[in-house]
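Undergrad: Encoded as structure tokens, here's the structure I'll be asking about.
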Amino acid sequence: MADSFQPSKLGTKEHWDNVYAEELDNFEEIGDEGEIWFGEESLERMVDWAVENVPSSSMPFTVEIGSGNGTLLLALADADYATSHLSGVDYSPDAVKLARFIAAKREKDVTFHTSDFLREDPPLLSSMKPSPGGVWDLVLDKGTFDAIALGAKDGNGKSPAAKYPGRIAEILKPGGCFLITSCNFTEEELQAIFSTSETRLMYHSRIEHPTFEFGGKKGSIVSSVAFQKIGLS
């Protein structure tokens, strides 16, 4: 399913390096924090879902994959999630620099690291202990899987996105949740991709987004689905 997309510049590191280099320049020159991917409303809906399902009182260790300018994690910090438990990773160094600058401006001590998620695990926070069964209580994705699905295919025609569900399952602890928002995949497609016997990611819930009707069919611009990792029986 993820293999059906043709490679695009949106799936290249070069593209995102250029995007964040420009956004970093804009921030340094005029204080512009950059684009909120999928808009403010989608971000707020993801935060509302977290507050309801993985509340700050549970002190969840939370990581965002492809954190960009860090606005989602900073919104969680504004919702009283402990900043010592919030981490973002991005493979673009300038995205990480921008996120750190914005966090410092807002006086939020959220951690951001340069890391390629398909090749390495997100660094652990100082209060975390390694575990072979996964370490994160909440993993977030807002558009990252979409971009990965547009990456160059390997010699067998496989998209780099094929590795992604397994990587999510590896870092998520049993009972932990994975929340993804996508503009390229429907809710049904996301469930088919992520909820498999290999990942042990079971459908948990969905976020309601505004819908539109076209040709007699209803749809939404983005889809948000949450999964929960079940333990081994």
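Identifiers in this document derive from the order of the structure tokens: chains are assigned A, B, ..., residues are numbered from 1 separately in each chain, and ligands are numbered from 1 in order of occurrence.
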Tell me, counting only C-alpha atoms, for each residue of segment 80-168 of chain A within 12 Å of segment 16-29 of chain A, which pair of atoms is nearest and how far apart they are in Å to one decimal, in rows ordered by chain and increasing number, as JSON lines.

TA:
{"residue": "A:Asp90", "atom": "CA", "partner": "A:Trp16", "partner_atom": "CA", "distance": 10.0}
{"residue": "A:Tyr91", "atom": "CA", "partner": "A:Asp17", "partner_atom": "CA", "distance": 8.6}
{"residue": "A:Ser92", "atom": "CA", "partner": "A:Asp17", "partner_atom": "CA", "distance": 5.4}
{"residue": "A:Pro93", "atom": "CA", "partner": "A:Asp17", "partner_atom": "CA", "distance": 7.4}
{"residue": "A:Asp94", "atom": "CA", "partner": "A:Tyr20", "partner_atom": "CA", "distance": 5.4}
{"residue": "A:Ala95", "atom": "CA", "partner": "A:Tyr20", "partner_atom": "CA", "distance": 5.2}
{"residue": "A:Val96", "atom": "CA", "partner": "A:Tyr20", "partner_atom": "CA", "distance": 8.9}
{"residue": "A:Lys97", "atom": "CA", "partner": "A:Leu24", "partner_atom": "CA", "distance": 7.6}
{"residue": "A:Leu98", "atom": "CA", "partner": "A:Leu24", "partner_atom": "CA", "distance": 5.5}
{"residue": "A:Ala99", "atom": "CA", "partner": "A:Leu24", "partner_atom": "CA", "distance": 9.1}
{"residue": "A:Arg100", "atom": "CA", "partner": "A:Leu24", "partner_atom": "CA", "distance": 10.7}
{"residue": "A:Phe101", "atom": "CA", "partner": "A:Phe27", "partner_atom": "CA", "distance": 8.6}
{"residue": "A:Ile102", "atom": "CA", "partner": "A:Phe27", "partner_atom": "CA", "distance": 8.5}
{"residue": "A:Lys105", "atom": "CA", "partner": "A:Phe27", "partner_atom": "CA", "distance": 10.8}
{"residue": "A:Thr114", "atom": "CA", "partner": "A:Asp17", "partner_atom": "CA", "distance": 11.8}
{"residue": "A:Thr144", "atom": "CA", "partner": "A:Trp16", "partner_atom": "CA", "distance": 11.1}
{"residue": "A:Ala147", "atom": "CA", "partner": "A:Trp16", "partner_atom": "CA", "distance": 9.7}
{"residue": "A:Ile148", "atom": "CA", "partner": "A:Trp16", "partner_atom": "CA", "distance": 11.4}
{"residue": "A:Gly151", "atom": "CA", "partner": "A:Trp16", "partner_atom": "CA", "distance": 12.0}

Undergrad: As a ChimeraX atom specification, please: every residue in segment 49-140 of chain A that a backbone DSSP assignment puts in helix (DSSP H, G or I).

TA: /A:49-53,56-58,71-78,83-85,93-105

Undergrad: Determine the nearest neighbour of Ile193 of chain A from the options A:Leu43, A:Val225, A:Leu124, A:Leu74, counting only C-alpha atoms.

TA: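 The answer is A:Val225, which sits nearest to Ile193 of chain A.
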
Undergrad: Grab the atom CA of Ile230 of chain A to atom CA of Pro174 of chain A distance for me, in Å with one decimal place.

TA: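 Here the two named atoms are 5.3 Å from each other.
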
Undergrad: Closest to Phe227 of chain A among A:Glu107, A:Asp78, A:Asn53, A:Phe112, using only C-alpha atoms?

TA: A:Asn53

Undergrad: Between atom CA of Trp37 of chain A and atom CA of Ile65 of chain A, what distance in Å does the model show, to one decimal?

TA: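 Interatomic distance, atom CA of Trp37 of chain A to atom CA of Ile65 of chain A: 13.3 Å.
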
Undergrad: At what distance in Å, to one decimal, does atom CA of Arg200 of chain A lie from atom CA of Asp116 of chain A?

TA: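 Distance between the two atoms: 23.2 Å.
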
Undergrad: List every residue of segment 57-200 of chain A that DSSP, applied to the backbone of this structure, places in strand (DSSP E), and write the result as a VMD selection string.

TA: chain A and resid 62 to 65 86 to 90 111 to 114 136 to 142 172 to 182

Undergrad: My list of candidates is A:Thr186, A:Ser67, A:Ser42, A:Thr62. Which is closest to Asp141 of chain A when distances are computed with only C-alpha atoms?

TA: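 Among the listed residues, the smallest separation from Asp141 of chain A belongs to A:Ser67.
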